[in-house]
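Accompanying notes for the structure given below.
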Amino acid sequence: MGKRTVVPFGPQHPVLPEPIHLDLVLEDEKVIEAIPQIGYVHRGLEKLVDKKDFKQFTYVSERICGICSFMHGAGYCMSVESIMGIEVPERAVFLRTIWAELSRIHSHLLWLGLTADAFGFESLFMHTWRLREQVLDLFEQTTGGRLIFSVCDIGGVRKDITPEMLDKIVSVVTNMDKELRDVTSVFLNDSTVKHRTVGIGLLSKEKALELGAVGPMAKASGIRRDMRTQGYCAYKYLEFEPITAEEGDSYARMQVRIGEIFQAIDLIKQCIEKLPEGDIITKIKGNPKGEHFTRVEQPRGEALYYVKANGTKFLDRFRVRTPTFANVPALLEILKDCDLADVPILILTIDPCISCTER
Amino acid sequence: MSILSMTKTLFKSIVHGPYTENYPAKPRENYERTRGSIENDIEDCIFCGMCTRQCPTGALEIDKGEKRWSIERMQCIQCGYCVNVCPKKCLHMRNQYTAPDTEKVKDDYVARISDH
Amino acid sequence: MSFNKKSPWILHYDATSCNGCDIEVLASLTPLYDVERFGVVNTGDPRHADILLITGSVNGQSIPVIKQLYEQMPDPKAVVAVGICATSGGIFADCYNVEGGVDKVLPVDVYVPGCAARPQSIIDGILKACDILEEKQKALKGR
Amino acid sequence: MSLIMLLILFPFITSVLVYVIREEHTRNAIMRIGAAITAVLTLAAAFRFFGAGLRVSVGGTEVIDICILIVEVCLAAYIIMTGIRERKYLLSFFSAIQIVLILWFEFTQKKGIETGTDIIVDKLSSVMILIVGIIGSLICLYAVGYMKSYHVHHSEVKERKSFFFAVLFLFLSAMFGLVLSNNLMWMYFCWEITTFCSYLLIGYTRTEEAKNNSLRALTINVGGGLAFAGAIVIVGTNFHIMELSALTAKRPVPLVLAAVFLLCVAALTKSAQLPFSSWLLGAMVAPTPSSALLHSATMVKAGVYLIIRLAPLLGETVAGRIITLVGAVTFLACSLMAISQRDAKKVLAYSTIANLGLIVICASVGTRESIWAAILLVIFHAVSKSLLFLSVGSIENELGSRNVENMDILMDVSRKLAVCMIIGISGMFLAPFGMLISKWVAMKSFIDSKNILIVVILAYGSAATLFYWGKWLGKLVSNGHPKKGEQHPGLHLDEKIPIIIQAVIVLLSCVAYPVISKYVLIPYLQDTFGVAAVIPIGAGDQTLMILMVVMISLLILVPLGYAPTSFLKKRRTTPIYMAGENSGDNKNFVGSGGVKRKSEMSNWYMEGIFGSKRIGFWSNIISIVLLCAGVILLIGRWAS
Amino acid sequence: MMLAVKILLIIIFTPLAGGLLTGFDRKISARLQGRQGPPVLQPFYDVLKLLQKETIEVNPSHRFYVYVSLMFIILTALIMLTGGDILLTIFVLTLGSIFFLLGGYASQSPYSVLGAERELLQMMAYEPMMFMTAAGLYYVSNTFFIRDIVNRKMPAIIYLPAIFVGFVFILTFKLRKSPFDLSLGHHAHQELVQGISTEYSGRSLAFIEITHWYETIIALGFVYIFFAADSIGTHILAVIVCLIVYLFEIILDNSTVRVKWQKALSLAWLVSGVLGTANLVVLSFFNF
Amino acid sequence: MDEQKIKEISPDEILIETVDLHSAGYRLVAISCTGKDGVELSYSFDKDYDFIHLRVNMDYDTEIESITPIYGYAFLYENEIKELFGVKIKNIIADFHDKLYRISEEAPFKEKEEE
């Protein structure tokens, strides 16, 4: 029995945009064992409920993560609204949905780019991110922020989208749809890309269920589960089918995410078509009391927000269970017996958001 | 089997030319809503302290006596909450963001002592 | 003649960033902003880097990492704190597991404000750091 | 003539002396003196007969033949008994047929066959005795030091040093006899003696494994001996000759080819070519001096020596083609399999087989250039490989392991050994050392003789060679961290001297090759082929020499890398990069759960691709098929 | 005397040309990616900056191998460009590469060692084709000397089209371009951090960069040999082909992923086996 | 929004209830904990969007059985709760021994004495 190679992978590592550490035990380049360590991004922001009141906390919840920032904010607001029994204006609900779906496009494009980079396809990364910039630009024009919008508030949204802007959004996403077809066809059809994704990180349907995978991770293994079908926000007015794939490998996950991008473009168009006129925010009075579990479908999958309030302006407890947290067991599973070269792709394939996970 | 399927996009971008915004050479025009820096029309400020209490990061500070409103630029997260809560609507968000600096900048706004 | 200004290679480390500034750092490499125009390469290896870009505030676990990365960088080197969290801890300054801004650990040369810092700010920050690098290079020679 | 007699008899006498005298110091003294005298005798003999050569007929061959026969019968009896006792009936069977064949031939057919020249000393045999004598005696000297440490480490093995040393010298004696005889009967006798000696050496430790492996070696080599005996019978009964030189002078008619083919099969078993290579791998259980002796300078070289001798009858003939292909399969398969080995001696073993395969290819291609390359390969391989074996032996004593992975600390433990090891490995595959030059010429000759397949195989085999030597070299230069408080016994003077001398020989050999080429190879080839020989390396020899010198001087700079390079400027030293989780020293990092974890680095072995099981199985089958095809073709040729 | 001047010119101008090519490479890559890209002289700025910077070491010996490697690569360039022996060129080039990867081993840092291991694997992958290229060139011209090969009536490419294609395939390894940039890529996001060069900084890193410039020219030099013959026209053609091949490599770099080692090895061996063998067999069939 | 289905159980019932849910095909969504006025654990389960919660109220000294033997992937939640709240959970498969986040402060969410 010869020696093995034991190397630290992360926290600082060029393929990892976020710090996470793995003790990798390799034989040749085959991963024998991968022991994770997180906590490099742990801030303990759930504890901030003691120091920030529930209104300020909107801004904290937005900063759980810079990628899915909007949905975190919305998820928190929805929980508080449920506890306080606030009716959110319809227009605000639709606006939230538009931003949420735009966020989904931006998040998936970001992921596609990073994945391209992880398997050494720099030009694909560049082009994917170039397209993503158009979405960010829409964000900046509508909310003022590129990543963190500070636009969602308890009771509604703080900024309206003007009709001109709505037209622009439609034209931008329509345009982008065209350009995206070119780029995504490289992801889906190029045989060298397939070499790095097909059959890599196989997660069977049974395993996915057993490990509690969520989001595209589960969808790619043939589990049809999408919180949006529960009809929160404006989804109850929209027509869509959750996108699934059967193979459960990295390629299938890529398929699902690319499908979701195009789906999101369609949903945005639907929203803009059906967007009602009216107020965008309801004034709130008093402090919340009670508790609520809210689930939303983020780009990465199902996220759970739990808010417990005691009637003062400081909450008792805010908890968020992010999709990446639920997908970590699945990651550990697919990391078994992979190649070192696959490690970055596999870590990325769950679309990790470490700062979400560790809060 | 498709190899070099990327070339289509590559050649397109050669034809199109670089997408790069020549940033420092060509300054960027920000949008109207761009979240930049918080400014205070200090003459309208009544130094009520609403903004300092509500600021999530504690970047704001007022001195009622000296009629000074100051902001830690390197602490402000541009959430705009202070703008929301300001009763006099003297705070507003400019669409120019604070430039990077080697020091932590603190901006003071001092109102002229006028005789109301 | 100092060439530090012409080829600042960066090392990016995410201390406890929310990913916002993080992806903006990456975004500044992409076609629209293209920091490679200034010779910037995102090396990912402290030995090759001239500028350490840190996003996010620091916590107990990331302090030794940051210190080590800084130590492993060759002189002259500069530290750029990107984003409000890295400059002062931002909204998370009160968290139990946050020690504060990067300046608690390393001598920060340039602060880039913003939440999240925009690519333009990051470009400005890098260019500012280049000047600092050049000064440091001169100081090294003089020694 | 008497010098030659002395050369053969002196090691034998030493052997007897060493066996009889059991007192440690006296025996060691005899060993050292014996080794030295053997070396001197070798040199003397080589120089004495180098110019003119020597062809003698020994008077009174009758007496010698009777003696030989008696010894052979005794040996056969012993081997048959052993076979029966150990239930290796195949062995007994081989041996029985063999002795019956020989006895039948001796008493019924041999009458009237006159041997003109029994002993020939020409350029080739001079080179061979130089290799055997110098390297062999260095190994004997080394054995003195090595066995001392060996028994310290392996207390479970019964001490039988006298026996061991005696067999070593006996082996040398037999080897001298083998390369000097022209009489096939004598050669056969020496051949059998080396087989038997190797059996004794491999079985030295008397463990179960050693016993099995030694019996396997014996079986295979006795099988080879059987082929040899068969060849003698064919040659003797059909052509009434008993001389190798007379055989090679014959035209390649089918019967001659059959004999040559049989001799080649014998040579293949000796040289451990596929499918007969398993004995060499098994032989690694023996103490290192015996491995070094068997696998670098002597035993295995006997096989290729015979093939080189037979080269004029190979080449374009059926036998030649088959042997070339077997060599090619061996070269490629063993080069690939060496990649998956961790045990240093296993790597050396596979590399030995592979290189012997290359030599077999070169010899059996049979053009002048290829034989030129073959002889050079024999020389350089012997020199480098014995250095490697000796170094690995000492490393094993030093580190208590011969796993390549554990050699990363060698630079710290014993710089001298590490540098010698690096020289040895470089000698095996890097420019400007001889092996590579020879390969180069070999390739040229293959292209010239339109052996495209062989060129391709050479290309792939060399690439694999590069890989396994490269990673070993990497382990040697890596500055590992020896565990604190670990004991390293240090080198014995008797080990150090031979290793250093050999390292120097390796270094010298790369400048010596034009000399060898000019004074040894070209005259030899001219004698053998009767045509004015060409210099295989083109007109640029002079420039090449300059470049060689430049390269060597660059290579010599390598150890300087360890000298402090920072006299001019103090350089900052920092811990290595460990993704930001270095724990302060260069050994550990802060792993998951905040635990200090040792960072380990190990080479690639790619067992899934280059595992010896799969490749070994298929390459054995291919080579067996090739040999069978050879037999069928030869029968077909003969029948028509 | 002439020789000395020639040697000096080679030593000076080879890296300049290599650096310039690298500069164009980066510019063109950037354009392909829709970016503006760095100035063409950027590689020189980088190296000059690295020369000014502090050089850190992790142990006393690891930097040394890089310098030796550079020396051997320079020697290779000299042998090649003065029309020396093509096999010797390959051998010395191999020696240079071996020293480079020994540097990786010597630093005993996880990613350097992994990089060295992969580099070794790459060498194993491309070596057969290099070997067969030399064999093919010898086959058609009966000499190993480059100056004689390029002075023949017909350029070698006419007889060795398949070997040329195989060689261009292998060139991707040598130029460290995707899909075969396993051990040390020019792109940032590589699972091996920076492979062998992980532990090198300052001056040593600059030398690695310069070594790479030499290597680029040497690699293209092989392409040149295929096309050059004894008329001026063919030499011009050879230069043009070199540039086209380089451009092709850039495009390839930008439109493929980094393959895994299994694929790299099997592909390289398969391509060299099929193309190289086929070409040589055809040649021998026509009894050339 | 929809009604919350919370079922209060005692600490020693947790395994039985979880086994039932597991065999009924429910998936564990999250384990949440609130540290004010003793420990309040919420185990959230889901099956085809049927979202139910088990609620355990106990004090800091009570030990609760880990559900990792039933839901293997609960180890992350339980380790987190153990580390951040100082709740005693026994028999966790893959116990990180309070080293999941390696935080500088001990059990920051645990209610401190002065309140």
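Ordered as shown in the structure tokens, chains take letters A, B, and onward, while each chain numbers its residues from 1 and ligands are numbered from 1 in the order shown.
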
Can you pull out every residue from segment 26-86 of chain C that DSSP, working from the backbone, puts in helix (DSSP H, G or I), and format the result as number ranges by chain? C: 26-27, 35-38, 46-48, 62-71, 84-86

Grab the residues selected above and save them as a compact mmCIF listing (two decimals), in the first residue's frame with N, CA and C atoms.
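Listed below is the output, again-v7.txt:
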# COMPACT_ATOMS: atom_id res chain seq x y z
N LEU C 26 -14.99 39.70 -9.77
CA LEU C 26 -14.90 38.84 -10.96
C LEU C 26 -15.47 39.56 -12.17
N ALA C 27 -16.57 40.30 -11.94
CA ALA C 27 -17.21 40.97 -13.06
C ALA C 27 -16.26 41.99 -13.68
N VAL C 35 -10.43 44.59 -16.71
CA VAL C 35 -9.26 45.18 -16.04
C VAL C 35 -7.96 44.71 -16.67
N GLU C 36 -8.00 43.69 -17.51
CA GLU C 36 -6.74 43.25 -18.11
C GLU C 36 -6.16 44.33 -19.00
N ARG C 37 -6.98 45.31 -19.35
CA ARG C 37 -6.45 46.45 -20.09
C ARG C 37 -5.27 47.07 -19.35
N PHE C 38 -5.32 47.01 -18.02
CA PHE C 38 -4.24 47.60 -17.22
C PHE C 38 -3.21 46.56 -16.84
N PRO C 46 -0.80 33.63 -4.11
CA PRO C 46 -0.18 34.78 -3.44
C PRO C 46 1.22 35.10 -3.93
N ARG C 47 1.96 34.09 -4.33
CA ARG C 47 3.35 34.33 -4.75
C ARG C 47 3.44 35.20 -5.99
N HIS C 48 2.39 35.17 -6.78
CA HIS C 48 2.45 35.90 -8.04
C HIS C 48 1.81 37.27 -7.92
N SER C 62 -10.93 33.48 9.38
CA SER C 62 -10.25 33.94 8.17
C SER C 62 -9.03 34.81 8.48
N ILE C 63 -8.88 35.23 9.72
CA ILE C 63 -7.73 36.07 10.05
C ILE C 63 -6.40 35.38 9.75
N PRO C 64 -6.18 34.16 10.25
CA PRO C 64 -4.89 33.53 9.94
C PRO C 64 -4.68 33.32 8.44
N VAL C 65 -5.77 33.05 7.75
CA VAL C 65 -5.65 32.83 6.31
C VAL C 65 -5.18 34.11 5.63
N ILE C 66 -5.82 35.21 5.99
CA ILE C 66 -5.46 36.47 5.35
C ILE C 66 -4.02 36.84 5.67
N LYS C 67 -3.67 36.66 6.93
CA LYS C 67 -2.30 36.99 7.34
C LYS C 67 -1.30 36.18 6.54
N GLN C 68 -1.62 34.91 6.40
CA GLN C 68 -0.70 34.03 5.69
C GLN C 68 -0.57 34.41 4.22
N LEU C 69 -1.71 34.69 3.63
CA LEU C 69 -1.66 35.07 2.21
C LEU C 69 -0.81 36.33 2.04
N TYR C 70 -0.99 37.26 2.97
CA TYR C 70 -0.24 38.51 2.88
C TYR C 70 1.25 38.23 3.03
N GLU C 71 1.57 37.36 3.96
CA GLU C 71 2.97 37.06 4.21
C GLU C 71 3.61 36.40 2.99
N ILE C 84 -17.94 47.76 1.75
CA ILE C 84 -18.08 48.35 3.07
C ILE C 84 -17.71 47.36 4.18
N CYS C 85 -18.07 46.10 3.98
CA CYS C 85 -17.73 45.10 5.00
C CYS C 85 -16.23 45.03 5.22
N ALA C 86 -15.48 45.09 4.11
CA ALA C 86 -14.04 44.98 4.25
C ALA C 86 -13.44 46.24 4.84

Can you work out which residues from chain E touch chain B at a cut-off of 12 Å (counting only C-alpha atoms) and hand them back as number ranges by chain? E: 27-38, 178-179, 248-257

Can you pull out every residue within 9 Å of segment 130-136 of chain C, counting only C-alpha atoms, but drop anything in the same chain fewer than 2 positions away, and send it as an mmCIF file with N, CA, C and O atoms, in the first residue's frame?
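The result, written out as result-v1.cif:
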data_model
loop_
_atom_site.group_PDB
_atom_site.id
_atom_site.type_symbol
_atom_site.label_atom_id
_atom_site.label_comp_id
_atom_site.auth_asym_id
_atom_site.auth_seq_id
_atom_site.Cartn_x
_atom_site.Cartn_y
_atom_site.Cartn_z
ATOM 1 N N SER C 2 9.505 51.945 -12.972
ATOM 2 C CA SER C 2 8.854 50.867 -12.251
ATOM 3 C C SER C 2 7.730 50.283 -13.092
ATOM 4 O O SER C 2 6.957 51.011 -13.699
ATOM 5 N N PHE C 3 7.707 48.983 -13.141
ATOM 6 C CA PHE C 3 6.704 48.347 -13.988
ATOM 7 C C PHE C 3 5.520 47.845 -13.188
ATOM 8 O O PHE C 3 4.628 47.220 -13.726
ATOM 9 N N ASN C 4 5.551 48.104 -11.886
ATOM 10 C CA ASN C 4 4.453 47.634 -11.064
ATOM 11 C C ASN C 4 3.138 48.194 -11.538
ATOM 12 O O ASN C 4 2.099 47.564 -11.465
ATOM 13 N N LYS C 5 3.240 49.412 -12.028
ATOM 14 C CA LYS C 5 2.038 50.109 -12.443
ATOM 15 C C LYS C 5 1.443 49.462 -13.688
ATOM 16 O O LYS C 5 0.249 49.536 -13.915
ATOM 17 N N LYS C 6 2.324 48.854 -14.466
ATOM 18 C CA LYS C 6 1.862 48.331 -15.746
ATOM 19 C C LYS C 6 1.314 46.922 -15.616
ATOM 20 O O LYS C 6 0.641 46.453 -16.522
ATOM 21 N N SER C 7 1.668 46.263 -14.583
ATOM 22 C CA SER C 7 1.161 44.888 -14.494
ATOM 23 C C SER C 7 0.838 44.502 -13.054
ATOM 24 O O SER C 7 1.553 43.768 -12.409
ATOM 25 N N PRO C 8 -0.242 45.078 -12.533
ATOM 26 C CA PRO C 8 -0.619 44.704 -11.167
ATOM 27 C C PRO C 8 -1.398 43.391 -11.191
ATOM 28 O O PRO C 8 -2.461 43.316 -11.782
ATOM 29 N N ASP C 50 0.472 41.037 -6.678
ATOM 30 C CA ASP C 50 0.977 42.316 -6.173
ATOM 31 C C ASP C 50 -0.051 42.976 -5.266
ATOM 32 O O ASP C 50 0.289 43.692 -4.349
ATOM 33 N N ILE C 51 -1.309 42.725 -5.604
ATOM 34 C CA ILE C 51 -2.374 43.382 -4.852
ATOM 35 C C ILE C 51 -3.273 42.321 -4.249
ATOM 36 O O ILE C 51 -3.711 41.408 -4.936
ATOM 37 N N ASP C 75 7.244 41.408 -1.866
ATOM 38 C CA ASP C 75 7.252 42.870 -1.819
ATOM 39 C C ASP C 75 7.545 43.437 -3.198
ATOM 40 O O ASP C 75 8.269 42.809 -3.953
ATOM 41 N N PRO C 76 7.092 44.571 -3.570
ATOM 42 C CA PRO C 76 6.117 45.397 -2.874
ATOM 43 C C PRO C 76 4.704 44.881 -3.084
ATOM 44 O O PRO C 76 4.405 44.322 -4.117
ATOM 45 N N LYS C 77 3.869 45.078 -2.093
ATOM 46 C CA LYS C 77 2.500 44.578 -2.191
ATOM 47 C C LYS C 77 1.524 45.578 -1.595
ATOM 48 O O LYS C 77 1.913 46.390 -0.749
ATOM 49 N N ALA C 78 0.311 45.509 -2.052
ATOM 50 C CA ALA C 78 -0.698 46.435 -1.550
ATOM 51 C C ALA C 78 -1.948 45.658 -1.178
ATOM 52 O O ALA C 78 -2.199 44.585 -1.704
ATOM 53 N N ASP C 109 -4.253 49.604 2.171
ATOM 54 C CA ASP C 109 -3.764 50.745 1.415
ATOM 55 C C ASP C 109 -4.891 51.517 0.760
ATOM 56 O O ASP C 109 -4.852 52.737 0.699
ATOM 57 N N VAL C 110 -5.863 50.778 0.231
ATOM 58 C CA VAL C 110 -6.961 51.479 -0.430
ATOM 59 C C VAL C 110 -8.282 50.908 0.062
ATOM 60 O O VAL C 110 -8.431 49.690 0.162
ATOM 61 N N GLY C 125 -10.013 51.599 -7.528
ATOM 62 C CA GLY C 125 -9.228 51.137 -6.378
ATOM 63 C C GLY C 125 -7.935 50.487 -6.816
ATOM 64 O O GLY C 125 -6.863 50.750 -6.249
ATOM 65 N N ILE C 126 -8.010 49.661 -7.835
ATOM 66 C CA ILE C 126 -6.800 48.971 -8.307
ATOM 67 C C ILE C 126 -5.798 49.984 -8.844
ATOM 68 O O ILE C 126 -4.599 49.914 -8.565
ATOM 69 N N LEU C 127 -6.304 50.944 -9.589
ATOM 70 C CA LEU C 127 -5.383 51.945 -10.156
ATOM 71 C C LEU C 127 -4.726 52.760 -9.051
ATOM 72 O O LEU C 127 -3.547 53.100 -9.132
ATOM 73 N N LYS C 128 -5.489 53.026 -8.003
ATOM 74 C CA LYS C 128 -4.919 53.755 -6.875
ATOM 75 C C LYS C 128 -3.833 52.906 -6.207
ATOM 76 O O LYS C 128 -2.776 53.400 -5.835
ATOM 77 N N LYS C 138 9.756 52.167 -4.964
ATOM 78 C CA LYS C 138 10.817 53.166 -4.817
ATOM 79 C C LYS C 138 11.424 53.087 -3.425
ATOM 80 O O LYS C 138 12.642 53.144 -3.256
ATOM 81 N N ALA C 139 10.548 52.963 -2.457
ATOM 82 C CA ALA C 139 11.032 52.884 -1.072
ATOM 83 C C ALA C 139 11.932 51.664 -0.898
ATOM 84 O O ALA C 139 12.962 51.733 -0.216
ATOM 85 N N LEU C 140 11.569 50.574 -1.548
ATOM 86 C CA LEU C 140 12.373 49.356 -1.450
ATOM 87 C C LEU C 140 13.751 49.583 -2.023
ATOM 88 O O LEU C 140 14.754 49.155 -1.478
ATOM 89 N N LYS C 141 13.785 50.255 -3.183
ATOM 90 C CA LYS C 141 15.058 50.505 -3.843
ATOM 91 C C LYS C 141 15.925 51.392 -2.988
ATOM 92 O O LYS C 141 17.125 51.202 -2.870
#

Using only C-alpha atoms and a cut-off of 8 Å, which residues of chain E sit close to chain C? Please list them as JSON, numbers by chain. {"E": [33, 34, 35, 36, 37, 38, 39, 42, 45, 46, 48, 49, 52, 53, 54, 55, 56, 188, 189, 193, 194, 198, 199, 200, 201, 202, 205]}

Taking only C-alpha atoms into account, which residues of chain A are within 7 Å of chain E, as a list in words?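 Therefore, the residues near the partner are Val7, His13, Pro14, Val15, Asp117, Ala118, Phe119, Gly120, Phe121, Glu122, Ser123, Met126, His127, Thr192, Val193, Ala341 and Pro344 of chain A.
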
If you count only C-alpha atoms, which residues fall within 12 Å of Ser171 of chain A, apart from same-chain ones fewer than 3 positions away, as a ChimeraX atom specification? /A:134-135,138,164-168,174-178,265,268-269,272

Would you output that residue set with C-alpha atoms, as a compact mmCIF listing (two decimals), in the first residue's frame?
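Writing done, so here's selection18.txt:
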# COMPACT_ATOMS: atom_id res chain seq x y z
CA GLN A 134 -27.33 43.33 -19.33
CA VAL A 135 -29.45 41.97 -16.50
CA LEU A 138 -31.62 46.46 -15.82
CA GLU A 164 -40.84 52.77 -20.54
CA MET A 165 -38.61 50.73 -18.38
CA LEU A 166 -40.94 47.75 -18.67
CA ASP A 167 -40.72 47.96 -22.42
CA LYS A 168 -37.00 48.12 -22.17
CA THR A 174 -35.91 39.24 -25.91
CA ASN A 175 -32.58 40.26 -27.34
CA MET A 176 -30.73 38.33 -24.75
CA ASP A 177 -32.79 35.26 -25.50
CA LYS A 178 -31.31 35.26 -29.00
CA ILE A 265 -37.47 35.17 -19.59
CA ILE A 268 -40.92 38.06 -16.94
CA LYS A 269 -42.78 38.67 -20.16
CA ILE A 272 -45.14 42.48 -17.53

Please determine the contact residues of chain F with respect to chain D at a cut-off of 7 Å, counting only C-alpha atoms, and supply them as a JSON list (two decimals) with N, CA, C and O atoms, in the first residue's frame.
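See iface.json below for the written result:
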[["chain", "number", "residue", "atom", "x", "y", "z"],
["F", 96, "PHE", "N", -19.26, 16.87, 14.53],
["F", 96, "PHE", "CA", -18.11, 17.75, 14.30],
["F", 96, "PHE", "C", -17.52, 18.27, 15.63],
["F", 96, "PHE", "O", -16.57, 19.01, 15.61],
["F", 99, "LYS", "N", -17.11, 21.98, 15.93],
["F", 99, "LYS", "CA", -16.09, 22.56, 15.06],
["F", 99, "LYS", "C", -16.64, 22.76, 13.65],
["F", 99, "LYS", "O", -15.90, 22.76, 12.68],
["F", 100, "LEU", "N", -17.95, 22.89, 13.53],
["F", 100, "LEU", "CA", -18.52, 23.06, 12.21],
["F", 100, "LEU", "C", -18.17, 24.44, 11.67],
["F", 100, "LEU", "O", -17.69, 24.58, 10.55]]

Which of segment 34-136 of chain A fall in strand (DSSP E), as a PyMOL selection string: chain A and resi 34-37

Which is closest to chain A among B:Ile42, B:Ile62, B:Cys79, B:Ala99, if we use only C-alpha atoms? B:Cys79

Shortest interatomic distance to Gly20 of chain C - which of A:Arg91, A:His42, A:Lys285, A:Arg146, counting only C-alpha atoms: A:Arg146

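Nearest residue to chain B, choosing from C:Gln61, C:Thr87, C:Ser28, C:Thr55 and counting only C-alpha atoms: C:Thr87.
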